[in-house]
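One file, structure-v2.txt, is given below (compact mmCIF, C-alpha atoms).
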# COMPACT_ATOMS: atom_id res chain seq x y z
CA MET A 298 115.37 -3.07 -52.92
CA LYS A 299 118.75 -3.85 -54.49
CA THR A 300 121.09 -0.86 -54.85
CA LEU A 301 124.40 -0.85 -56.71
CA SER A 302 126.83 1.96 -55.86
CA ILE A 303 128.35 2.11 -59.33
CA THR A 304 128.85 4.66 -62.06
CA PHE A 305 129.72 3.43 -65.51
CA LYS A 306 128.86 4.23 -69.09
CA THR A 307 126.27 2.29 -71.03
CA LEU A 308 127.56 -1.07 -72.22
CA CYS A 309 127.10 -1.48 -75.95
CA TYR A 310 129.14 -4.21 -77.63
CA VAL A 311 127.20 -5.62 -80.57
CA LYS A 312 129.23 -5.31 -83.77
CA ASN A 313 127.90 -4.59 -87.28
CA THR A 314 124.89 -2.80 -85.75
CA TYR A 315 122.33 -1.08 -87.89
CA GLN A 316 123.00 2.59 -87.41
CA TYR A 317 120.36 5.08 -86.41
CA ASN A 318 120.35 6.67 -89.89
CA ALA A 319 119.17 3.38 -91.38
CA LEU A 320 116.10 3.48 -89.13
CA LYS A 321 115.46 7.24 -89.14
CA PRO A 322 113.07 7.22 -92.13
CA LEU A 323 110.71 4.94 -90.21
CA PHE A 324 109.80 7.53 -87.62
CA THR A 325 108.53 11.01 -87.03
CA VAL A 326 110.38 12.09 -83.89
CA VAL A 327 108.89 14.23 -81.10
CA PRO A 328 110.50 15.30 -77.78
CA ARG A 329 111.96 12.37 -75.82
CA ASN A 330 110.55 12.96 -72.34
CA VAL A 331 108.73 10.06 -70.66
CA PRO A 332 105.08 10.82 -71.44
CA GLU A 333 101.97 10.73 -69.32
CA PRO A 334 100.17 7.43 -69.99
CA GLU A 335 97.19 7.56 -72.34
CA LEU A 336 95.11 4.87 -70.64
CA ASP A 337 91.88 3.48 -72.05
CA ILE A 338 89.61 5.37 -69.64
CA ASP A 339 86.48 4.55 -71.66
CA TYR A 340 87.11 0.88 -70.87
CA LEU A 341 88.54 1.15 -67.36
CA CYS A 342 85.81 3.45 -66.04
CA ASN A 343 82.83 1.90 -67.81
CA LEU A 344 80.51 0.13 -65.37
CA LYS A 345 79.72 -2.34 -68.15
CA TYR A 346 83.23 -3.80 -67.87
CA LYS A 347 83.79 -3.52 -64.12
CA LEU A 348 83.06 -7.18 -63.28
CA GLU A 349 85.14 -8.32 -66.26
CA ILE A 350 88.10 -6.28 -65.03
CA GLU A 351 87.69 -7.53 -61.45
CA GLU A 352 87.68 -11.14 -62.63
CA ASN A 353 90.71 -10.52 -64.84
CA ILE A 354 92.69 -9.06 -61.92
CA LYS A 355 91.71 -12.03 -59.77
CA ARG A 356 92.64 -14.63 -62.40
CA ARG A 357 95.97 -12.94 -63.10
CA LYS A 358 96.70 -12.47 -59.39
CA GLY A 359 97.35 -8.80 -60.09
CA VAL A 360 97.65 -5.93 -57.63
CA GLY A 361 95.23 -3.52 -59.31
CA ASN A 362 92.11 -2.25 -57.54
CA ILE A 363 89.36 -1.38 -60.00
CA ASN A 364 87.05 -0.27 -57.19
CA ARG A 365 89.57 2.39 -56.22
CA VAL A 366 89.80 3.48 -59.86
CA PHE A 367 86.01 3.92 -60.04
CA GLU A 368 85.95 5.78 -56.72
CA LEU A 369 88.64 8.25 -57.78
CA HIS A 370 87.04 8.70 -61.19
CA ARG A 371 83.72 9.57 -59.52
CA LYS A 372 85.40 12.13 -57.24
CA LEU A 373 86.99 13.80 -60.23
CA GLN A 374 83.54 14.55 -61.63
CA ASN A 375 82.95 16.99 -58.75
CA ASP A 376 82.99 20.49 -60.26
CA THR A 377 83.57 22.15 -56.87
CA LEU A 378 87.09 20.70 -56.41
CA SER A 379 89.89 23.20 -56.08
CA GLU A 380 92.59 23.07 -58.74
CA GLU A 381 95.09 21.72 -56.20
CA ASN A 382 92.74 18.95 -55.02
CA ARG A 383 91.88 18.05 -58.59
CA MET A 384 95.55 17.70 -59.50
CA ASP A 385 96.21 15.51 -56.44
CA LEU A 386 93.19 13.34 -57.24
CA MET A 387 94.17 13.04 -60.89
CA LYS A 388 97.66 11.92 -59.94
CA GLU A 389 96.26 9.29 -57.58
CA PHE A 390 93.73 8.19 -60.22
CA LYS A 391 96.43 7.70 -62.87
CA GLU A 392 98.60 5.70 -60.47
CA ALA A 393 95.66 3.45 -59.56
CA ALA A 394 94.64 3.00 -63.20
CA LYS A 395 98.20 2.10 -64.23
CA GLN A 396 98.10 -0.85 -61.81
CA ILE A 397 95.30 -2.56 -63.75
CA PRO A 398 96.78 -5.40 -65.83
CA ASN A 399 96.26 -5.85 -69.53
CA LYS A 400 93.24 -7.71 -70.85
CA THR A 401 93.61 -11.47 -71.28
CA CYS A 402 93.22 -13.32 -74.56
CA PRO A 403 89.67 -14.81 -74.46
CA LEU A 404 90.97 -18.29 -75.28
CA VAL A 405 93.55 -18.14 -72.46
CA ALA A 406 90.90 -16.84 -70.04
CA LEU A 407 89.20 -20.24 -70.31
CA TYR A 408 92.28 -22.11 -69.03
CA ASP A 409 92.63 -23.30 -65.45
CA ASP A 410 95.87 -22.73 -63.53
CA SER A 411 97.87 -25.13 -65.72
CA PRO A 412 99.53 -24.17 -69.02
CA LYS A 413 98.33 -25.83 -72.21
CA VAL A 414 100.87 -27.79 -74.25
CA VAL A 415 100.38 -26.62 -77.83
CA LYS A 416 103.35 -28.28 -79.51
CA VAL A 417 106.01 -30.93 -78.85
CA ILE A 418 109.13 -30.99 -81.03
CA GLY A 419 111.68 -33.81 -81.30
CA ASN A 420 112.34 -36.63 -78.90
CA LYS A 421 114.34 -37.13 -75.73
CA THR A 422 117.94 -38.13 -76.39
CA LYS A 423 118.60 -41.74 -75.45
CA PHE A 424 121.79 -42.46 -73.50
CA ASP A 425 123.52 -45.75 -72.75
CA PHE A 426 125.00 -44.10 -69.65
CA GLN A 427 123.70 -41.94 -66.81
CA PRO A 428 123.66 -38.36 -68.19
CA LYS A 429 125.35 -35.74 -66.04
CA GLU A 430 124.06 -32.32 -65.05
CA PHE A 431 125.52 -29.21 -66.62
CA SER A 432 127.45 -28.22 -63.50
CA ASP A 433 129.15 -31.63 -63.34
CA ILE A 434 130.03 -31.52 -67.04
CA ALA A 435 131.42 -28.00 -66.72
CA LYS A 436 133.49 -28.93 -63.68
CA MET A 437 134.86 -32.09 -65.25
CA LEU A 438 135.91 -30.26 -68.44
CA HIS A 439 137.10 -27.14 -66.60
CA LEU A 440 134.62 -24.89 -68.42
CA MET A 441 133.16 -22.72 -65.68
CA ARG A 442 133.96 -21.13 -62.35
CA THR A 443 131.27 -20.31 -59.78
CA ASP A 444 133.29 -20.80 -56.58
CA ASN A 445 134.57 -17.98 -54.37
CA LEU A 446 132.85 -15.17 -56.24
CA SER A 447 130.67 -13.81 -53.43
CA ASN A 448 133.24 -11.20 -52.38
CA MET A 449 133.69 -9.96 -55.94
CA SER A 450 130.41 -10.14 -57.85
CA GLY A 451 128.04 -11.73 -55.37
CA HIS A 452 126.36 -15.11 -55.47
CA LYS A 453 124.58 -16.28 -58.63
CA SER A 454 127.66 -15.22 -60.64
CA TYR A 455 129.87 -17.21 -62.97
CA TYR A 456 132.82 -17.26 -65.34
CA PHE A 457 132.60 -19.20 -68.60
CA MET A 458 136.01 -20.34 -69.77
CA GLY A 459 137.61 -21.64 -72.94
CA GLU A 460 135.28 -23.39 -75.34
CA LEU A 461 132.21 -22.73 -73.20
CA ALA A 462 132.84 -18.99 -73.60
CA GLU A 463 133.28 -19.63 -77.32
CA MET A 464 129.93 -21.41 -77.42
CA GLU A 465 128.30 -18.44 -75.69
CA GLN A 466 129.46 -16.16 -78.50
CA ALA A 467 128.59 -18.78 -81.12
CA LEU A 468 125.01 -18.90 -79.83
CA VAL A 469 124.75 -15.12 -80.00
CA TRP A 470 125.97 -14.84 -83.58
CA PHE A 471 124.07 -17.90 -84.77
CA THR A 472 120.88 -16.35 -83.38
CA VAL A 473 121.60 -12.86 -84.73
CA LYS A 474 122.17 -14.28 -88.20
CA LYS A 475 118.80 -16.06 -87.99
CA LEU A 476 117.07 -12.84 -86.99
CA LEU A 477 118.69 -10.74 -89.71
CA ALA A 478 117.56 -13.32 -92.26
CA SER A 479 114.02 -12.92 -90.87
CA ASN A 480 113.89 -9.15 -91.50
CA PHE A 481 114.89 -8.03 -87.99
CA GLN A 482 116.96 -4.89 -87.62
CA LEU A 483 119.77 -5.05 -85.08
CA ILE A 484 120.23 -2.28 -82.52
CA SER A 485 122.83 -1.90 -79.78
CA VAL A 486 121.04 -0.76 -76.62
CA PRO A 487 121.97 0.83 -73.27
CA ASP A 488 121.90 -1.29 -70.11
CA ILE A 489 121.10 1.71 -67.88
CA LEU A 490 117.57 3.08 -68.19
CA PRO A 491 115.33 5.58 -66.39
CA CYS A 492 113.06 3.86 -63.89
CA GLN A 493 110.01 5.38 -65.61
CA ILE A 494 110.69 3.45 -68.81
CA ILE A 495 111.00 0.17 -66.93
CA GLU A 496 107.77 0.89 -65.06
CA SER A 497 106.04 1.80 -68.33
CA CYS A 498 106.99 -1.62 -69.68
CA GLY A 499 105.17 -3.28 -66.77
CA LEU A 500 107.72 -3.91 -64.01
CA THR A 501 107.76 -2.42 -60.51
CA VAL A 502 111.05 -0.90 -59.39
CA LYS A 503 110.50 0.54 -55.92
CA GLU A 504 108.85 -2.26 -53.99
CA ASP A 505 110.66 -4.53 -51.55
CA ARG A 506 110.29 -7.58 -53.79
CA THR A 507 111.52 -6.19 -57.08
CA GLN A 508 113.62 -7.86 -59.77
CA VAL A 509 115.24 -4.54 -60.66
CA TYR A 510 118.63 -3.22 -59.57
CA MET A 511 118.44 0.52 -58.89
CA LEU A 512 121.57 2.66 -59.14
CA ASP A 513 122.55 4.85 -56.21
CA ASP A 514 121.04 8.25 -57.03
CA HIS A 515 123.83 9.99 -55.12
CA LEU A 516 126.33 8.65 -57.64
CA TYR A 517 124.16 8.49 -60.75
CA GLU A 518 121.91 11.52 -61.17
CA GLY A 519 118.19 10.73 -61.29
CA ASP A 520 116.32 7.45 -60.89
CA HIS A 521 118.06 4.89 -63.08
CA CYS A 522 118.13 1.10 -63.12
CA LEU A 523 120.06 -1.72 -64.70
CA SER A 524 117.95 -3.19 -67.47
CA GLY A 525 116.61 -6.70 -67.00
CA THR A 526 116.08 -7.23 -70.73
CA ALA A 527 116.68 -5.35 -73.97
CA GLU A 528 112.88 -5.24 -74.44
CA MET A 529 112.78 -2.16 -72.21
CA ALA A 530 115.53 -0.29 -74.05
CA LEU A 531 113.92 -1.07 -77.40
CA ALA A 532 110.54 0.12 -76.13
CA GLY A 533 112.21 3.27 -74.81
CA TYR A 534 113.90 3.80 -78.17
CA LEU A 535 110.45 4.02 -79.77
CA MET A 536 108.97 6.22 -77.03
CA ASN A 537 107.11 9.35 -78.26
CA ARG A 538 107.29 8.23 -81.86
CA GLU A 539 104.76 7.94 -84.62
CA LEU A 540 105.61 5.18 -87.04
CA CYS A 541 104.77 4.91 -90.71
CA VAL A 542 102.16 2.21 -91.20
CA THR A 543 103.85 1.06 -94.41
CA GLU A 544 106.85 -0.07 -92.34
CA LEU A 545 104.79 -2.25 -89.99
CA PRO A 546 105.27 -4.80 -88.66
CA LEU A 547 108.59 -3.51 -87.34
CA ARG A 548 110.99 -6.19 -86.11
CA LEU A 549 113.90 -5.14 -83.89
CA ALA A 550 116.58 -7.23 -82.18
CA ALA A 551 119.28 -6.53 -79.62
CA VAL A 552 122.05 -8.35 -77.76
CA SER A 553 122.55 -7.18 -74.18
CA ARG A 554 123.53 -8.13 -70.68
CA CYS A 555 120.50 -8.59 -68.46
CA TYR A 556 120.57 -7.74 -64.74
CA ARG A 557 118.01 -9.25 -62.38
CA ALA A 558 117.85 -9.14 -58.61
CA GLU A 559 115.60 -12.20 -58.47
CA THR A 560 116.57 -15.14 -56.30
CA SER A 561 115.25 -18.66 -55.92
CA ARG A 562 115.56 -21.44 -53.37
CA MET A 563 114.02 -24.03 -55.69
CA SER A 564 116.33 -26.95 -56.32
CA GLU A 565 115.19 -27.01 -59.97
CA GLU A 566 116.69 -23.54 -60.44
CA ARG A 567 120.12 -24.30 -59.00
CA GLY A 568 123.41 -23.42 -60.64
CA ILE A 569 123.28 -20.98 -63.55
CA TYR A 570 119.61 -21.67 -64.29
CA ARG A 571 118.69 -18.43 -62.48
CA VAL A 572 121.46 -15.85 -62.16
CA HIS A 573 121.82 -12.12 -61.55
CA GLN A 574 123.37 -11.25 -64.92
CA PHE A 575 123.51 -12.99 -68.27
CA THR A 576 123.63 -12.43 -72.02
CA LYS A 577 120.44 -12.52 -74.05
CA VAL A 578 119.33 -11.92 -77.64
CA GLU A 579 115.94 -10.20 -77.61
CA MET A 580 113.23 -9.74 -80.24
CA PHE A 581 110.85 -6.78 -80.20
CA GLY A 582 107.95 -6.17 -82.55
CA VAL A 583 105.55 -3.35 -83.34
CA THR A 584 102.35 -3.87 -85.33
CA GLU A 585 99.05 -2.30 -86.21
CA HIS A 586 96.38 -2.72 -83.54
CA ASP A 587 94.83 -5.76 -85.27
CA SER A 588 97.98 -7.62 -86.32
CA SER A 589 99.88 -8.53 -83.14
CA ALA A 590 98.40 -12.04 -82.83
CA ALA A 591 99.90 -13.01 -86.20
CA LEU A 592 103.34 -11.62 -85.28
CA LEU A 593 103.23 -13.52 -81.97
CA GLU A 594 102.84 -16.77 -83.90
CA GLU A 595 105.74 -15.74 -86.14
CA PHE A 596 107.94 -15.12 -83.09
CA ARG A 597 106.97 -18.50 -81.59
CA GLU A 598 107.67 -20.41 -84.80
CA LEU A 599 111.05 -18.69 -85.21
CA GLN A 600 112.02 -19.63 -81.65
CA GLU A 601 110.92 -23.25 -82.15
CA GLU A 602 112.83 -23.56 -85.43
CA THR A 603 115.99 -22.00 -83.96
CA PHE A 604 116.10 -24.20 -80.86
CA SER A 605 115.11 -27.44 -82.61
CA SER A 606 117.88 -26.92 -85.21
CA LEU A 607 120.33 -27.33 -82.30
CA GLY A 608 118.99 -30.80 -81.53
CA LEU A 609 116.86 -29.90 -78.51
CA HIS A 610 113.66 -31.66 -77.47
CA LEU A 611 111.05 -28.94 -76.86
CA GLN A 612 107.54 -28.30 -75.70
CA THR A 613 105.62 -25.06 -76.21
CA LEU A 614 103.18 -23.92 -73.54
CA ASP A 615 100.32 -21.43 -73.81
CA MET A 616 100.51 -19.83 -70.38
CA PRO A 617 97.46 -19.42 -68.10
CA PRO A 618 96.29 -15.99 -66.84
CA HIS A 619 98.24 -16.00 -63.56
CA GLU A 620 101.52 -16.49 -65.47
CA LEU A 621 101.09 -13.50 -67.79
CA GLY A 622 102.36 -10.64 -65.65
CA ALA A 623 100.81 -7.19 -66.00
CA PRO A 624 101.68 -6.33 -69.64
CA ALA A 625 100.93 -9.54 -71.58
CA PHE A 626 97.69 -10.31 -73.38
CA ARG A 627 99.04 -13.76 -74.29
CA LYS A 628 102.35 -15.49 -73.63
CA TYR A 629 104.03 -18.65 -74.86
CA ASP A 630 106.83 -20.37 -72.93
CA ILE A 631 109.18 -22.76 -74.69
CA GLU A 632 110.81 -25.44 -72.54
CA ALA A 633 113.76 -27.66 -73.44
CA TRP A 634 114.40 -31.11 -72.04
CA MET A 635 117.46 -31.16 -69.77
CA PRO A 636 118.54 -34.81 -69.51
CA GLY A 637 120.93 -34.35 -66.59
CA ARG A 638 118.25 -32.71 -64.50
CA GLN A 639 115.54 -35.01 -65.88
CA MET A 640 113.19 -32.07 -66.35
CA PHE A 641 111.88 -29.55 -68.84
CA GLY A 642 113.23 -26.06 -68.20
CA GLU A 643 112.07 -22.77 -69.68
CA VAL A 644 114.54 -21.45 -72.24
CA SER A 645 112.40 -18.82 -73.93
CA SER A 646 109.09 -16.98 -74.01
CA CYS A 647 107.27 -14.56 -76.27
CA SER A 648 104.45 -12.17 -75.38
CA ASP A 649 101.83 -10.06 -77.09
CA CYS A 650 101.42 -6.90 -74.98
CA THR A 651 98.83 -5.29 -77.31
CA ASP A 652 98.64 -1.56 -76.45
CA TYR A 653 99.69 -1.85 -72.77
CA GLN A 654 103.21 -0.50 -73.31
CA SER A 655 102.42 1.81 -76.23
CA ARG A 656 99.80 3.69 -74.17
CA ARG A 657 102.42 4.28 -71.46
CA LEU A 658 105.23 5.22 -73.85
CA ASN A 659 103.28 7.03 -76.58
CA ILE A 660 104.11 4.67 -79.46
CA LYS A 661 101.65 5.31 -82.29
CA TYR A 662 101.16 4.91 -86.02
CA GLN A 663 99.10 6.56 -88.74
CA PRO A 664 96.34 4.20 -89.94
CA ARG A 665 96.02 3.36 -93.61
CA ASP A 666 92.83 5.37 -94.01
CA GLY A 667 94.63 8.53 -92.90
CA GLY A 668 92.56 9.00 -89.74
CA SER A 669 93.77 9.90 -86.26
CA SER A 670 96.91 8.14 -85.05
CA LEU A 671 96.40 4.91 -83.11
CA HIS A 672 98.37 3.18 -80.37
CA ALA A 673 100.54 0.45 -81.83
CA HIS A 674 100.76 -3.06 -80.43
CA THR A 675 104.11 -4.28 -79.06
CA LEU A 676 105.51 -7.77 -78.68
CA ASN A 677 108.69 -9.25 -77.25
CA GLY A 678 110.41 -12.59 -77.25
CA THR A 679 113.65 -14.24 -76.15
CA ALA A 680 115.64 -15.40 -79.15
CA CYS A 681 118.44 -16.82 -76.98
CA ALA A 682 119.03 -16.69 -73.20
CA VAL A 683 122.58 -18.00 -73.01
CA PRO A 684 122.85 -19.77 -69.61
CA ARG A 685 119.77 -21.96 -70.02
CA MET A 686 120.61 -22.71 -73.63
CA LEU A 687 124.06 -23.87 -72.52
CA ILE A 688 122.52 -26.11 -69.85
CA SER A 689 120.22 -27.70 -72.43
CA LEU A 690 122.92 -28.10 -75.08
CA LEU A 691 125.63 -29.59 -72.87
CA GLU A 692 123.25 -31.99 -71.15
CA THR A 693 121.69 -33.05 -74.48
CA HIS A 694 124.92 -33.49 -76.45
CA GLN A 695 127.19 -35.01 -73.78
CA GLN A 696 129.05 -38.17 -74.74
CA ALA A 697 129.94 -41.30 -72.78
CA ASP A 698 133.63 -40.30 -72.59
CA GLY A 699 132.76 -36.94 -71.03
CA ILE A 700 133.20 -34.66 -74.03
CA VAL A 701 130.35 -32.68 -75.57
CA ALA A 702 129.40 -32.73 -79.26
CA ILE A 703 128.94 -29.24 -80.73
CA PRO A 704 125.69 -28.94 -82.72
CA GLU A 705 126.47 -28.59 -86.41
CA PRO A 706 124.89 -25.10 -86.83
CA LEU A 707 127.27 -23.71 -84.17
CA GLN A 708 130.46 -25.24 -85.55
CA PRO A 709 131.18 -22.45 -88.10
CA TYR A 710 131.15 -19.96 -85.21
CA MET A 711 133.65 -22.05 -83.22
CA LYS A 712 136.41 -22.34 -85.85
CA GLY A 713 135.02 -25.63 -87.14
CA LYS A 714 135.36 -27.46 -83.81
CA VAL A 715 133.09 -30.46 -83.46
CA VAL A 716 133.51 -31.26 -79.74
CA ILE A 717 134.19 -29.52 -76.44
CA GLY A 718 136.85 -31.28 -74.41
CA PHE A 719 138.88 -30.67 -71.28
CA GLN A 720 140.30 -27.14 -71.17
CA ASP A 721 143.90 -27.99 -70.30
CA ASN A 722 145.17 -24.59 -71.48
CA ILE A 723 143.39 -22.78 -68.63
CA PRO A 724 145.32 -22.81 -65.33
CA GLU A 725 143.75 -24.60 -62.39
CA MET A 726 142.90 -22.26 -59.54
CA LYS A 727 143.71 -22.98 -55.93
CA PHE A 728 142.10 -20.75 -53.34
CA VAL A 729 143.90 -19.85 -50.11
CA LYS A 730 142.79 -17.93 -47.07
CA SER A 731 143.94 -14.32 -47.08
CA LYS A 732 146.61 -13.37 -44.54
CA HIS A 733 145.90 -9.67 -45.03
CA LYS A 734 143.91 -9.21 -41.81
CA LYS A 735 146.45 -11.15 -39.75
CA ASP A 736 149.26 -8.96 -41.10
CA ILE A 737 147.32 -5.80 -40.19
CA HIS A 738 146.74 -7.00 -36.62
CA ARG A 739 150.42 -7.94 -36.29
CA ASP A 740 151.52 -4.49 -37.50
CA GLN A 741 149.17 -2.83 -35.03
CA ASP A 742 150.65 -4.85 -32.15
For the structure just supplied, provide its representation as structure tokens.
Amino acid sequence: MKTLSITFKTLCYVKNTYQYNALKPLFTVVPRNVPEPELDIDYLCNLKYKLEIEENIKRRKGVGNINRVFELHRKLQNDTLSEENRMDLMKEFKEAAKQIPNKTCPLVALYDDSPKVVKVIGNKTKFDFQPKEFSDIAKMLHLMRTDNLSNMSGHKSYYFMGELAEMEQALVWFTVKKLLASNFQLISVPDILPCQIIESCGLTVKEDRTQVYMLDDHLYEGDHCLSGTAEMALAGYLMNRELCVTELPLRLAAVSRCYRAETSRMSEERGIYRVHQFTKVEMFGVTEHDSSAALLEEFRELQEETFSSLGLHLQTLDMPPHELGAPAFRKYDIEAWMPGRQMFGEVSSCSDCTDYQSRRLNIKYQPRDGGSSLHAHTLNGTACAVPRMLISLLETHQQADGIVAIPEPLQPYMKGKVVIGFQDNIPEMKFVKSKHKKDIHRDQD
């Protein structure tokens, strides 16, 4: 488990954010405590579906144990249990039931272990020279620092400098403008969240192999974590709320820093391809229970249009069951061709989580017929993950003389610049060994 001994206020930096009052009419607010999950017991504990659930867990390589769920459910039917035993059993039953992954889209359930390519966009850029990798381009143009950071921010850290830092911000605002034009509402979100919200979204936080950074509870009261994506904060924002059906589908967006404790020894994920913190623009959707499939396609098409407008060669993959994680019913990955690496690399994904998160966070809506409130469906998607987009863009648009052409849609956000060149206005850094320890030893002598 990764623990950070830090105390700092929530980081919120997105400008021109839609204020809460603009969104307030959409919701009927109830107390904001993390709720008990309202799981689909009629499905989970129905013998008719037991084999289906077992096969789903196996195909998805999940950790749930449906046999244990059935066993605990049977024990709870015993009328002679004491109140204390019943409460202990119920707690254990809920924990076991929460481990069962979401259902899998029937079409996806037919796939083998390989993703299905559903769309290819554009063509590979042709070069009359050997294209360089991002790290080589960045070093040559003095755009990034990754050396000698382990004692300050740990490995898998970086500094973007000069026009590369400008391109990071250009990507953010280019993407945000696209989302606002597509009826998304922008929200600035906290980066520190209660562990329960992160768990309710489908991630584990207290196992040895977790992606989540937990804050030291001696310094930060209660169980809190650094958020790995704005999806969780947006889901938490809607927790314990009943939405008006006339406002669905609800499209929310956020820009945030993302913190992930994941590591990788794969050579394909070297450099800034997989890092511990990065900037990301996130999409989050809420729909009626029968409309999430259509919004998923809308998310996917928006991602494809956004990335292809920057001149990237893309392929969209419909991911097989074992790649879905616990919350997703269906998930698309979008990969961009990275000429320097000579490989496709994932730059985005979007997922339909149906009612998996809403049952755990009590997100509901009133149906059109005025009947009892129903659990909404939630979706999420990456509109722009900055580091991998920068890898794809610099490798795709590099020129023979070493400079990088700036895609036309980004130029207005970079003061009209058309190329990225050598950053000669940033001082070169020369690292020297510290004499501090030697001086201390000399003073002690």
Sorted per-residue table, stretch 576-693 of chain A near stretch 701-705 of chain A, closest atoms and distance, 10 Å, only C-alpha atoms, as CSV:
residue,atom,partner,partner_atom,distance
A:Ser606,CA,A:Pro704,CA,8.4
A:Leu607,CA,A:Pro704,CA,5.6
A:Gly608,CA,A:Pro704,CA,7.1
A:Leu609,CA,A:Pro704,CA,9.8
A:Leu690,CA,A:Pro704,CA,8.2
A:Leu691,CA,A:Val701,CA,6.3
A:Glu692,CA,A:Val701,CA,8.4
A:Thr693,CA,A:Val701,CA,8.7
How would the residues just chosen look if you wrote them out with C-alpha atoms as a short mmCIF file (atom, residue, chain, number, x, y, z; two decimals), keeping the file's coordinate frame?
data_model
loop_
_atom_site.label_atom_id
_atom_site.label_comp_id
_atom_site.auth_asym_id
_atom_site.auth_seq_id
_atom_site.Cartn_x
_atom_site.Cartn_y
_atom_site.Cartn_z
CA SER A 606 117.88 -26.92 -85.21
CA LEU A 607 120.33 -27.33 -82.30
CA GLY A 608 118.99 -30.80 -81.53
CA LEU A 609 116.86 -29.90 -78.51
CA LEU A 690 122.92 -28.10 -75.08
CA LEU A 691 125.63 -29.59 -72.87
CA GLU A 692 123.25 -31.99 -71.15
CA THR A 693 121.69 -33.05 -74.48
#
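The smallest atom-to-atom distance between A:Cys541 and any of A:Asp698, A:Glu463, A:Glu352, A:Glu585, using all atoms listed in the file, is found for A:Glu585.
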Residues within 10 Å of A:Asn480, all atoms listed in the file, excluding chain neighbours under 5 positions, as an MDAnalysis selection string = chainID A and resid 475 547:550
Neighbours of A:Met387 within 12 Å (all atoms listed in the file; same-chain residues fewer than 2 positions away dropped), as a PyMOL selection string?
-> chain A and resi 333+366+368-374+378+380-385+389-394
One decimal, Å: what's the distance from atom CA of A:Ala467 over to atom CA of A:Tyr710, could you say?
-> 5.0 Å
Point (133.4, -30.9, -82.1) neighbourhood (12 Å, all atoms listed in the file) written as an MDAnalysis selection string | chainID A and resid 460 464 694:696 700:718
Report, as lines of an AutoDock Vina configuration file, the axis-aligned box around all atoms of stretch 547-562 of chain A present in the file, extended by 6 Å on each side; give centre and edge lengths in Å to one decimal place.
center_x = 116.1
center_y = -12.5
center_z = -70.4
size_x = 26.9
size_y = 29.9
size_z = 46.0
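Nearest-residue note for A:Glu601: choosing from A:Met580, A:Leu658, A:Val417, A:Ile434, the minimum distance belongs to A:Val417, counting all atoms listed in the file.
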Identify, on the basis of all atoms listed in the file, every residue whose closest approach to A:Gln720 does not exceed 7 Å; exclude the query and any residue fewer than 4 positions from it along the same chain; express the result as an MDAnalysis selection string.
-> chainID A and resid 438:440 459
Pick from A:Ala558, A:Ile631, A:Ala673, A:Ala530, whichever lies nearest to A:Asp587 using only C-alpha atoms = A:Ala673
Quick one: of A:Val578, A:Leu593, A:Leu531, A:Leu477, who's nearest to A:Pro684, counting all atoms listed in the file?
-> A:Val578
Point-to-point distance from atom CA of A:His674 to atom CA of A:Phe626, Å rounded to tenths = 10.6 Å
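Taking atom CA of A:Asn659 as the reference point, atom CA of A:Thr584 is found at 14.0 Å.
Take the candidates A:Tyr340, A:Phe367, A:Phe471, A:Tyr662 and check each one against A:Arg538 using all atoms listed in the file; the shortest distance goes to A:Tyr662.
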Hey, which of A:Arg365, A:Lys400, A:Lys421, A:Lys355 ends up closest to A:Asp337? Count only C-alpha atoms.
-> A:Lys400
In the coordinates of the file, take the point (104.7, -11.6, -84.8) and a cut-off of 12 Å; then, counting all atoms listed in the file, name each qualifying protein, DNA or RNA residue as an NGL selection string.
-> :A and (479-481 or 545-549 or 580-585 or 587-600 or 647-651 or 674-678)
Skip stretch 632-646 of chain A itself and residues of its chain fewer than 5 positions away, then list as a list in words all residues within 6 Å of it, counting only C-alpha atoms.
-> Pro428, Lys429, Glu430, His610, Leu611, Gln612, Gly678, Thr679, Arg685, Ser689 and Glu692 of chain A
